[in-house]
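Source file: start_23.cif. Holds: mmCIF, C-alpha atoms.
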data_model
#
loop_
_atom_site.label_atom_id
_atom_site.label_comp_id
_atom_site.auth_asym_id
_atom_site.auth_seq_id
_atom_site.Cartn_x
_atom_site.Cartn_y
_atom_site.Cartn_z
CA MET A 36 0.00 0.00 0.00
CA VAL A 37 1.21 3.48 -0.87
CA GLU A 38 0.15 6.65 0.92
CA PHE A 39 0.65 10.26 -0.12
CA GLU A 40 -0.52 13.69 0.93
CA VAL A 41 -2.34 16.46 -0.93
CA LYS A 42 -2.69 20.08 0.15
CA THR A 43 -6.01 21.70 -0.69
CA ARG A 44 -6.40 25.43 -1.23
CA GLU A 45 -10.00 26.38 -0.43
CA ARG A 46 -13.08 25.21 1.44
CA ASP A 47 -14.28 23.41 -1.71
CA ASP A 48 -11.50 22.24 -3.99
CA LEU A 49 -10.87 19.55 -6.59
CA ARG A 50 -7.21 18.46 -6.91
CA ASP A 51 -6.02 16.27 -9.79
CA ILE A 52 -4.16 13.30 -8.24
CA THR A 53 -4.01 11.11 -11.37
CA ALA A 54 -0.21 11.28 -11.71
CA LEU A 55 0.29 10.46 -8.02
CA VAL A 56 -2.04 7.45 -8.23
CA GLN A 57 -0.27 6.23 -11.38
CA GLN A 58 3.07 6.69 -9.59
CA ALA A 59 1.82 4.52 -6.70
CA VAL A 60 0.81 1.80 -9.17
CA SER A 61 4.25 2.02 -10.81
CA THR A 62 6.04 1.91 -7.42
CA VAL A 63 4.54 -1.48 -6.57
CA CYS A 64 5.10 -2.75 -10.14
CA LEU A 65 1.49 -3.87 -10.60
CA GLN A 66 0.97 -5.05 -14.19
CA ASP A 67 -2.65 -6.22 -14.29
CA GLY A 68 -5.26 -5.89 -11.59
CA VAL A 69 -7.25 -3.29 -9.72
CA CYS A 70 -6.12 -0.13 -7.95
CA THR A 71 -8.24 1.05 -4.99
CA VAL A 72 -7.95 4.73 -4.08
CA PHE A 73 -9.18 5.39 -0.54
CA ILE A 74 -9.55 8.71 1.32
CA PRO A 75 -9.38 8.25 5.13
CA HIS A 76 -11.39 11.40 5.90
CA THR A 77 -15.09 12.23 6.38
CA THR A 78 -15.16 15.63 4.65
CA ALA A 79 -13.00 14.81 1.63
CA GLY A 80 -13.73 12.22 -1.04
CA VAL A 81 -12.56 11.03 -4.43
CA THR A 82 -14.14 11.06 -7.88
CA ILE A 83 -13.30 11.03 -11.56
CA VAL A 84 -13.80 14.30 -13.46
CA GLU A 85 -12.94 15.58 -16.92
CA ASN A 86 -9.39 16.89 -16.78
CA ALA A 87 -9.34 18.87 -20.05
CA ASP A 88 -11.34 22.00 -19.14
CA PRO A 89 -10.99 23.36 -15.57
CA SER A 90 -14.50 24.85 -15.85
CA VAL A 91 -15.96 21.36 -15.36
CA ALA A 92 -14.48 21.14 -11.84
CA LYS A 93 -15.63 24.70 -11.11
CA ASP A 94 -19.20 23.96 -12.20
CA MET A 95 -19.19 20.71 -10.24
CA LEU A 96 -18.33 22.53 -6.99
CA PHE A 97 -20.99 25.17 -7.75
CA ILE A 98 -23.68 22.53 -8.39
CA LEU A 99 -22.80 20.51 -5.27
CA ASP A 100 -22.95 23.67 -3.17
CA ARG A 101 -26.36 24.53 -4.60
CA MET A 102 -27.61 20.97 -3.88
CA VAL A 103 -26.20 20.97 -0.35
CA PRO A 104 -25.98 24.55 0.98
CA TRP A 105 -23.37 25.15 3.68
CA ASP A 106 -25.74 26.99 6.01
CA ASP A 107 -29.16 25.86 7.14
CA PRO A 108 -30.87 26.53 10.49
CA ASN A 109 -32.03 22.88 10.54
CA TYR A 110 -28.51 21.45 10.74
CA THR A 111 -27.78 20.17 14.25
CA HIS A 112 -24.07 19.25 14.02
CA THR A 113 -22.27 21.84 16.14
CA GLU A 114 -19.07 21.83 14.08
CA GLY A 115 -21.10 23.47 11.31
CA ASN A 116 -19.75 21.30 8.47
CA SER A 117 -22.69 18.95 7.88
CA ALA A 118 -22.80 19.96 4.21
CA ALA A 119 -19.18 18.77 3.81
CA HIS A 120 -20.03 15.34 5.24
CA VAL A 121 -22.93 14.90 2.83
CA LYS A 122 -20.96 16.06 -0.23
CA CYS A 123 -18.22 13.62 0.76
CA SER A 124 -20.68 10.70 0.87
CA LEU A 125 -22.20 11.77 -2.47
CA MET A 126 -18.77 11.59 -4.16
CA GLY A 127 -17.62 8.57 -2.13
CA CYS A 128 -14.32 7.88 -0.39
CA SER A 129 -13.17 4.89 -2.44
CA LEU A 130 -12.67 4.24 -6.13
CA SER A 131 -11.58 1.06 -7.94
CA ILE A 132 -9.74 1.49 -11.23
CA PRO A 133 -8.58 -1.39 -13.46
CA VAL A 134 -4.86 -1.56 -14.28
CA ARG A 135 -3.48 -3.13 -17.46
CA GLY A 136 0.16 -3.34 -18.48
CA GLY A 137 1.10 -1.21 -15.48
CA GLN A 138 -1.21 1.67 -16.49
CA LEU A 139 -4.49 2.89 -14.99
CA VAL A 140 -7.18 2.11 -17.58
CA LEU A 141 -8.65 5.61 -17.60
CA GLY A 142 -10.68 7.10 -20.43
CA THR A 143 -9.17 9.88 -22.53
CA TRP A 144 -10.75 12.69 -20.51
CA GLN A 145 -10.78 11.05 -17.09
CA GLY A 146 -8.72 12.41 -14.21
CA VAL A 147 -8.78 11.18 -10.60
CA TYR A 148 -9.59 14.05 -8.24
CA LEU A 149 -9.42 14.46 -4.49
CA CYS A 150 -12.60 16.32 -3.47
CA GLU A 151 -12.09 18.77 -0.60
CA PHE A 152 -15.27 20.00 1.08
CA ASP A 153 -13.96 21.49 4.34
CA GLY A 154 -10.54 22.91 3.55
CA PRO A 155 -8.01 24.13 3.15
CA ARG A 156 -6.22 21.18 4.79
CA THR A 157 -3.59 18.55 4.14
CA ARG A 158 -5.32 15.30 3.15
CA ARG A 159 -4.03 11.74 2.95
CA VAL A 160 -4.68 9.36 0.05
CA GLN A 161 -4.21 5.59 0.31
CA VAL A 162 -3.63 3.42 -2.75
CA GLN A 163 -3.92 -0.36 -2.52
CA VAL A 164 -3.26 -2.53 -5.57
CA ILE A 165 -4.32 -6.13 -6.15
CA ASN A 166 -2.99 -8.44 -8.85
CA ALA A 167 -5.46 -10.07 -11.19
CA MET B 165 -17.17 -14.32 1.82
CA VAL B 166 -18.92 -13.42 5.06
CA GLU B 167 -22.56 -12.33 5.30
CA PHE B 168 -24.39 -10.77 8.25
CA GLU B 169 -27.71 -9.09 8.93
CA VAL B 170 -28.62 -5.68 10.29
CA LYS B 171 -31.99 -4.58 11.62
CA THR B 172 -32.95 -1.00 10.83
CA ARG B 173 -35.30 1.05 13.01
CA GLU B 174 -36.94 3.70 10.84
CA ARG B 175 -37.73 4.59 7.23
CA ASP B 176 -34.42 6.46 6.99
CA ASP B 177 -31.69 5.11 9.25
CA LEU B 178 -27.89 4.95 9.38
CA ARG B 179 -26.47 1.94 11.29
CA ASP B 180 -22.80 1.71 12.23
CA ILE B 181 -21.53 -1.66 10.95
CA THR B 182 -17.79 -0.96 11.33
CA ALA B 183 -17.25 -3.58 14.05
CA LEU B 184 -19.14 -6.23 12.05
CA VAL B 185 -17.10 -5.54 8.92
CA GLN B 186 -13.85 -5.68 10.92
CA GLN B 187 -15.04 -8.97 12.46
CA ALA B 188 -15.61 -10.38 8.96
CA VAL B 189 -12.06 -9.38 7.97
CA SER B 190 -10.70 -11.04 11.13
CA THR B 191 -12.76 -14.20 10.52
CA VAL B 192 -11.09 -14.83 7.18
CA CYS B 193 -7.65 -13.86 8.58
CA LEU B 194 -6.93 -11.32 5.83
CA GLN B 195 -3.69 -9.50 6.62
CA ASP B 196 -3.18 -7.15 3.65
CA GLY B 197 -5.56 -6.49 0.82
CA VAL B 198 -8.94 -4.97 0.09
CA CYS B 199 -12.30 -5.54 1.75
CA THR B 200 -15.41 -5.04 -0.40
CA VAL B 201 -18.66 -4.32 1.46
CA PHE B 202 -21.70 -5.00 -0.72
CA ILE B 203 -25.40 -4.42 0.04
CA PRO B 204 -27.66 -6.73 -2.02
CA HIS B 205 -30.69 -4.39 -1.89
CA THR B 206 -32.03 -1.54 -4.03
CA THR B 207 -33.30 0.74 -1.25
CA ALA B 208 -30.38 0.38 1.18
CA GLY B 209 -26.76 1.35 0.55
CA VAL B 210 -23.46 1.79 2.31
CA THR B 211 -21.29 4.81 3.02
CA ILE B 212 -18.64 6.12 5.38
CA VAL B 213 -19.73 8.76 7.89
CA GLU B 214 -18.17 10.45 10.91
CA ASN B 215 -18.82 8.20 13.91
CA ALA B 216 -18.00 10.65 16.71
CA ASP B 217 -21.10 12.88 16.77
CA PRO B 218 -24.50 11.27 16.00
CA SER B 219 -25.76 14.65 14.74
CA VAL B 220 -23.75 14.12 11.54
CA ALA B 221 -25.84 11.08 10.62
CA LYS B 222 -29.03 12.93 11.56
CA ASP B 223 -28.14 15.92 9.37
CA MET B 224 -27.15 13.62 6.52
CA LEU B 225 -30.59 11.97 6.49
CA PHE B 226 -32.27 15.39 6.68
CA ILE B 227 -30.24 16.74 3.75
CA LEU B 228 -30.82 13.65 1.59
CA ASP B 229 -34.56 13.88 2.27
CA ARG B 230 -34.57 17.55 1.28
CA MET B 231 -32.66 16.73 -1.94
CA VAL B 232 -34.92 13.79 -2.80
CA PRO B 233 -38.37 14.31 -1.26
CA TRP B 234 -40.37 11.16 -0.55
CA ASP B 235 -43.56 12.43 -2.19
CA ASP B 236 -43.90 13.96 -5.62
CA PRO B 237 -46.88 13.77 -8.00
CA ASN B 238 -44.42 13.19 -10.88
CA TYR B 239 -43.14 9.87 -9.52
CA THR B 240 -44.54 6.97 -11.54
CA HIS B 241 -43.32 3.92 -9.58
CA THR B 242 -46.43 2.45 -7.97
CA GLU B 243 -44.65 1.12 -4.88
CA GLY B 244 -44.14 4.76 -3.86
CA ASN B 245 -40.49 4.39 -2.84
CA SER B 246 -38.73 6.01 -5.81
CA ALA B 247 -36.94 8.41 -3.46
CA ALA B 248 -35.42 5.45 -1.60
CA HIS B 249 -34.03 4.00 -4.84
CA VAL B 250 -32.38 7.29 -5.77
CA LYS B 251 -30.90 7.88 -2.31
CA CYS B 252 -29.53 4.33 -2.44
CA SER B 253 -27.76 5.00 -5.77
CA LEU B 254 -26.42 8.33 -4.47
CA MET B 255 -24.74 6.57 -1.53
CA GLY B 256 -23.84 3.45 -3.52
CA CYS B 257 -24.16 -0.23 -2.67
CA SER B 258 -20.48 -1.18 -2.63
CA LEU B 259 -17.43 0.14 -0.85
CA SER B 260 -13.78 -0.95 -1.07
CA ILE B 261 -11.62 -0.44 2.01
CA PRO B 262 -7.89 -1.25 2.20
CA VAL B 263 -6.79 -3.70 4.91
CA ARG B 264 -3.31 -3.66 6.49
CA GLY B 265 -2.06 -5.95 9.22
CA GLY B 266 -5.53 -7.43 9.57
CA GLN B 267 -7.17 -4.04 10.23
CA LEU B 268 -9.44 -1.88 8.07
CA VAL B 269 -7.41 1.22 7.20
CA LEU B 270 -10.07 3.71 8.27
CA GLY B 271 -9.41 7.31 9.24
CA THR B 272 -9.81 8.36 12.87
CA TRP B 273 -13.41 9.57 12.46
CA GLN B 274 -14.58 7.14 9.80
CA GLY B 275 -17.29 4.59 10.46
CA VAL B 276 -18.90 2.25 7.91
CA TYR B 277 -22.67 2.73 7.86
CA LEU B 278 -25.52 0.79 6.34
CA CYS B 279 -27.93 3.36 4.86
CA GLU B 280 -31.59 2.42 5.17
CA PHE B 281 -33.98 4.41 2.99
CA ASP B 282 -37.15 2.27 3.07
CA GLY B 283 -37.24 0.67 6.50
CA PRO B 284 -37.56 -0.57 9.03
CA ARG B 285 -36.35 -3.93 7.68
CA THR B 286 -33.72 -6.59 8.17
CA ARG B 287 -30.90 -6.02 5.67
CA ARG B 288 -28.07 -8.27 4.55
CA VAL B 289 -24.44 -7.18 4.19
CA GLN B 290 -21.85 -9.13 2.18
CA VAL B 291 -18.15 -8.79 2.84
CA GLN B 292 -15.60 -10.14 0.36
CA VAL B 293 -11.88 -9.88 1.05
CA ILE B 294 -9.02 -10.16 -1.42
CA ASN B 295 -5.36 -10.62 -0.55
CA ALA B 296 -2.85 -8.15 -1.94
CA MET C 65 -10.07 -7.86 -18.43
CA VAL C 66 -13.12 -7.88 -20.66
CA GLU C 67 -14.47 -4.83 -22.50
CA PHE C 68 -17.81 -4.41 -24.25
CA GLU C 69 -19.87 -1.61 -25.77
CA VAL C 70 -23.36 -0.31 -25.07
CA LYS C 71 -25.44 1.97 -27.28
CA THR C 72 -27.57 4.48 -25.43
CA ARG C 73 -30.79 5.90 -26.86
CA GLU C 74 -31.40 9.31 -25.30
CA ARG C 75 -29.65 12.16 -23.49
CA ASP C 76 -30.46 10.51 -20.14
CA ASP C 77 -30.72 6.74 -20.30
CA LEU C 78 -30.31 3.73 -18.00
CA ARG C 79 -29.27 0.50 -19.77
CA ASP C 80 -29.35 -2.87 -18.01
CA ILE C 81 -25.89 -4.46 -18.49
CA THR C 82 -26.24 -7.23 -15.88
CA ALA C 83 -26.17 -10.07 -18.40
CA LEU C 84 -23.11 -8.61 -20.15
CA VAL C 85 -21.22 -8.24 -16.86
CA GLN C 86 -22.15 -11.80 -15.86
CA GLN C 87 -20.97 -13.00 -19.28
CA ALA C 88 -17.62 -11.27 -18.73
CA VAL C 89 -17.25 -13.04 -15.36
CA SER C 90 -18.08 -16.38 -17.02
CA THR C 91 -15.62 -15.73 -19.88
CA VAL C 92 -12.67 -15.48 -17.49
CA CYS C 93 -13.95 -18.44 -15.42
CA LEU C 94 -13.81 -16.54 -12.13
CA GLN C 95 -15.31 -18.71 -9.36
CA ASP C 96 -14.90 -16.62 -6.19
CA GLY C 97 -13.69 -13.06 -5.95
CA VAL C 98 -14.68 -9.54 -6.87
CA CYS C 99 -15.77 -8.08 -10.20
CA THR C 100 -15.00 -4.41 -10.84
CA VAL C 101 -17.16 -2.66 -13.44
CA PHE C 102 -15.51 0.54 -14.71
CA ILE C 103 -16.86 3.16 -17.13
CA PRO C 104 -14.04 5.06 -18.91
CA HIS C 105 -16.14 8.17 -19.58
CA THR C 106 -16.87 11.42 -17.72
CA THR C 107 -20.56 11.80 -18.61
CA ALA C 108 -21.65 8.17 -18.14
CA GLY C 109 -21.50 6.15 -14.94
CA VAL C 110 -22.67 2.90 -13.42
CA THR C 111 -25.08 2.05 -10.63
CA ILE C 112 -27.35 -0.70 -9.35
CA VAL C 113 -31.10 -0.17 -9.79
CA GLU C 114 -34.21 -2.29 -9.32
CA ASN C 115 -34.71 -4.27 -12.52
CA ALA C 116 -38.31 -5.40 -11.97
CA ASP C 117 -40.30 -2.23 -12.70
CA PRO C 118 -39.00 0.11 -15.46
CA SER C 119 -40.71 3.05 -13.69
CA VAL C 120 -37.91 3.02 -11.09
CA ALA C 121 -35.31 3.90 -13.73
CA LYS C 122 -37.66 6.51 -15.21
CA ASP C 123 -38.19 8.17 -11.80
CA MET C 124 -34.47 8.04 -11.08
CA LEU C 125 -33.65 10.00 -14.25
CA PHE C 126 -36.43 12.51 -13.45
CA ILE C 127 -35.15 13.04 -9.89
CA LEU C 128 -31.51 13.42 -10.97
CA ASP C 129 -32.56 15.97 -13.59
CA ARG C 130 -34.51 17.93 -10.97
CA MET C 131 -31.50 17.87 -8.61
CA VAL C 132 -29.06 18.88 -11.34
CA PRO C 133 -30.88 20.89 -14.05
CA TRP C 134 -29.31 20.80 -17.51
CA ASP C 135 -29.46 24.58 -18.02
CA ASP C 136 -28.24 27.24 -15.63
CA PRO C 137 -26.79 30.66 -16.49
CA ASN C 138 -24.12 30.10 -13.79
CA TYR C 139 -22.53 27.14 -15.57
CA THR C 140 -19.21 28.14 -17.13
CA HIS C 141 -18.24 24.99 -19.09
CA THR C 142 -18.62 25.93 -22.73
CA GLU C 143 -19.61 22.43 -23.91
CA GLY C 144 -22.86 22.92 -22.00
CA ASN C 145 -22.89 19.49 -20.36
CA SER C 146 -21.83 20.35 -16.80
CA ALA C 147 -24.97 18.69 -15.44
CA ALA C 148 -23.93 15.40 -17.08
CA HIS C 149 -20.52 15.52 -15.41
CA VAL C 150 -22.06 16.03 -11.97
CA LYS C 151 -24.68 13.31 -12.40
CA CYS C 152 -21.90 10.97 -13.50
CA SER C 153 -19.90 11.66 -10.33
CA LEU C 154 -23.04 11.24 -8.18
CA MET C 155 -23.61 7.73 -9.58
CA GLY C 156 -19.90 6.89 -9.80
CA CYS C 157 -17.87 5.28 -12.56
CA SER C 158 -16.80 2.10 -10.75
CA LEU C 159 -18.64 -0.64 -8.91
CA SER C 160 -17.29 -3.71 -7.08
CA ILE C 161 -19.53 -6.77 -6.94
CA PRO C 162 -18.67 -10.00 -5.09
CA VAL C 163 -18.66 -13.21 -7.15
CA ARG C 164 -19.36 -16.66 -5.69
CA GLY C 165 -19.46 -19.94 -7.57
CA GLY C 166 -19.03 -18.06 -10.82
CA GLN C 167 -22.10 -15.85 -10.25
CA LEU C 168 -22.42 -12.17 -9.39
CA VAL C 169 -23.81 -12.05 -5.85
CA LEU C 170 -26.65 -9.64 -6.66
CA GLY C 171 -29.82 -9.24 -4.64
CA THR C 172 -33.12 -10.46 -6.10
CA TRP C 173 -34.11 -7.07 -7.52
CA GLN C 174 -30.66 -5.71 -8.35
CA GLY C 175 -29.59 -4.98 -11.91
CA VAL C 176 -26.34 -3.33 -13.02
CA TYR C 177 -27.07 -0.27 -15.16
CA LEU C 178 -24.94 1.94 -17.35
CA CYS C 179 -26.04 5.53 -16.68
CA GLU C 180 -25.98 7.77 -19.75
CA PHE C 181 -26.19 11.50 -19.04
CA ASP C 182 -25.07 13.02 -22.36
CA GLY C 183 -26.30 10.66 -25.05
CA PRO C 184 -27.15 9.09 -27.25
CA ARG C 185 -23.68 7.59 -27.74
CA THR C 186 -21.81 4.32 -27.84
CA ARG C 187 -20.18 3.73 -24.43
CA ARG C 188 -17.48 1.31 -23.34
CA VAL C 189 -17.62 -0.83 -20.20
CA GLN C 190 -14.54 -2.47 -18.66
CA VAL C 191 -14.84 -5.49 -16.39
CA GLN C 192 -11.88 -6.64 -14.29
CA VAL C 193 -12.13 -9.71 -12.07
CA ILE C 194 -9.90 -10.69 -9.18
CA ASN C 195 -9.74 -14.10 -7.52
CA ALA C 196 -10.28 -14.29 -3.76
#

Can you present the structure in this file as structure tokens?
Amino acid sequence: MVEFEVKTRERDDLRDITALVQQAVSTVCLQDGVCTVFIPHTTAGVTIVENADPSVAKDMLFILDRMVPWDDPNYTHTEGNSAAHVKCSLMGCSLSIPVRGGQLVLGTWQGVYLCEFDGPRTRRVQVQVINA
Amino acid sequence: MVEFEVKTRERDDLRDITALVQQAVSTVCLQDGVCTVFIPHTTAGVTIVENADPSVAKDMLFILDRMVPWDDPNYTHTEGNSAAHVKCSLMGCSLSIPVRGGQLVLGTWQGVYLCEFDGPRTRRVQVQVINA
Amino acid sequence: MVEFEVKTRERDDLRDITALVQQAVSTVCLQDGVCTVFIPHTTAGVTIVENADPSVAKDMLFILDRMVPWDDPNYTHTEGNSAAHVKCSLMGCSLSIPVRGGQLVLGTWQGVYLCEFDGPRTRRVQVQVINA
């Protein structure tokens, strides 16, 4: 298992970690199998987003914030970050990506992104690979 | 593969199953690998939520219900539980968690929760572990 | 790893791919393990939905469209399909399903569905299986 850290820059932030995940797969010399990316936090998740146009990530954060507004008098959690917990569960904290010939089998426009919903912070990412 | 049951208490309910999933991993003596938690239902899912303050789970159910209201004259499914199906897909029915030294590699505040959206019922949970 | 294609019919479409995923598992003769279904696109995902009543899929697409409207003057992505990207991340692009005795361990009402959010198109599905 390989672990690395990512610094986020704002309360809501999407950080492209594709190269770091690929590096983890290369480090353990996995040729064919599955790579599991796991985020050990409750207000940060992981998803796959188009990596060509940064406006996709921007719109995604806008839409998630409209779906799950940060402030609401009905929220009871005293830390005030209930919205972050829900957005994290909507994106998910684990992702399984096939690996073939040592490479993540991602589509042309796919990038793996850490999703920050209560930053800025330093987040950990765990990568576990399994041989087929 | 290990299977266990969980009884839910209300229509919408989050039940902490972390100890039961860890017990399944221990039963099969997995040391290093990945644990897949799978819910074989269409109106119950699985997610990871903060396990320290119960108000997080409460707010999560409130927010999901606001996003996907139970009643809507546009719903066509005659069983009347369309909202439960959507909430289930939003959370997901499978989760992959790395295992190291026989332990689930969860973050400090992470708990694995069965998500009930059309209860109360008895739900099944399947745990499959794969060696690294 | 097995790859197959699916043609979608509308902008938003859910296509039952359960039989094709099961066929992929049978092709590689996996008896016990985990099957990872991965969609290499950024506007199509994968989820598990009830396969008995087609109205469930219909209501799901209606609810997702209400949550994430296609048009909004605040969207900045010039391709105009920001909603599709978000709906794709909400459903997810990977799914891990346990396999036992050569069969996907699905619940009675569970079907695996490709989720199209920017169709109609021809989509690829990748299936990777790992022995327990």

Do me a favour and pick out the residues of chain C within 7 Å of chain B, using only C-alpha atoms, as a PDB file with C-alpha atoms, keeping the file's coordinate frame.
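The resulting file, part_30.pdb, is reproduced below:
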ATOM      1  CA  THR C 111     -25.080   2.050 -10.630  1.00  0.00           C
ATOM      2  CA  ILE C 112     -27.350  -0.700  -9.350  1.00  0.00           C
ATOM      3  CA  VAL C 113     -31.100  -0.170  -9.790  1.00  0.00           C
ATOM      4  CA  GLU C 114     -34.210  -2.290  -9.320  1.00  0.00           C
ATOM      5  CA  SER C 119     -40.710   3.050 -13.690  1.00  0.00           C
ATOM      6  CA  VAL C 120     -37.910   3.020 -11.090  1.00  0.00           C
ATOM      7  CA  ASP C 123     -38.190   8.170 -11.800  1.00  0.00           C
ATOM      8  CA  MET C 124     -34.470   8.040 -11.080  1.00  0.00           C
ATOM      9  CA  MET C 131     -31.500  17.870  -8.610  1.00  0.00           C
ATOM     10  CA  LEU C 154     -23.040  11.240  -8.180  1.00  0.00           C
ATOM     11  CA  MET C 155     -23.610   7.730  -9.580  1.00  0.00           C
ATOM     12  CA  LEU C 159     -18.640  -0.640  -8.910  1.00  0.00           C
ATOM     13  CA  SER C 160     -17.290  -3.710  -7.080  1.00  0.00           C
ATOM     14  CA  ILE C 161     -19.530  -6.770  -6.940  1.00  0.00           C
ATOM     15  CA  PRO C 162     -18.670 -10.000  -5.090  1.00  0.00           C
ATOM     16  CA  LEU C 170     -26.650  -9.640  -6.660  1.00  0.00           C
ATOM     17  CA  GLY C 171     -29.820  -9.240  -4.640  1.00  0.00           C
ATOM     18  CA  TRP C 173     -34.110  -7.070  -7.520  1.00  0.00           C
ATOM     19  CA  GLN C 174     -30.660  -5.710  -8.350  1.00  0.00           C
ATOM     20  CA  ALA C 196     -10.280 -14.290  -3.760  1.00  0.00           C
TER      21      ALA C 196
END

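For the atom pair formed by atom CA of A:Lys93 and atom CA of A:Gly146, the distance is 14.4 Å, given to one decimal.
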
Exercise on stretch 164-179 of chain C, axis-aligned box with 6 Å per side, report centre and edge lengths in Å to one decimal, as lines of an AutoDock Vina configuration file:
center_x = -26.6
center_y = -7.2
center_z = -11.0
size_x = 27.1
size_y = 37.5
size_z = 24.7

* Point (-21.7, -6.4, 6.6), cut-off 10 Å, counting only C-alpha atoms, residues as a PyMOL selection string -> chain B and resi 166-170+180-188+200-203+210+276-278+287-292

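One finds atom CA of B:Asp217 at 18.8 Å from atom CA of B:Glu280.
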
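Counting only C-alpha atoms and comparing B:Ala208, B:Val189, B:Leu194, B:Val269, the residue that lies closest to B:Thr172 is B:Ala208.
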
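Between atom CA of A:Thr143 and atom CA of C:Cys179 lies a distance of 18.4 Å.
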
Excluding C:Gly183 and residues on its chain fewer than 5 positions from it, collect all residues at most 8 Å away from it, counting all atoms listed in the file, and give them as a PDB file with C-alpha atoms, keeping the file's coordinate frame.
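Wrote it out as out-v2.pdb, contents follow:
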ATOM      1  CA  THR C  72     -27.570   4.480 -25.430  1.00  0.00           C
ATOM      2  CA  ARG C  73     -30.790   5.900 -26.860  1.00  0.00           C
ATOM      3  CA  GLU C  74     -31.400   9.310 -25.300  1.00  0.00           C
ATOM      4  CA  ARG C  75     -29.650  12.160 -23.490  1.00  0.00           C
ATOM      5  CA  ASP C  76     -30.460  10.510 -20.140  1.00  0.00           C
ATOM      6  CA  ASP C  77     -30.720   6.740 -20.300  1.00  0.00           C
TER       7      ASP C  77
END
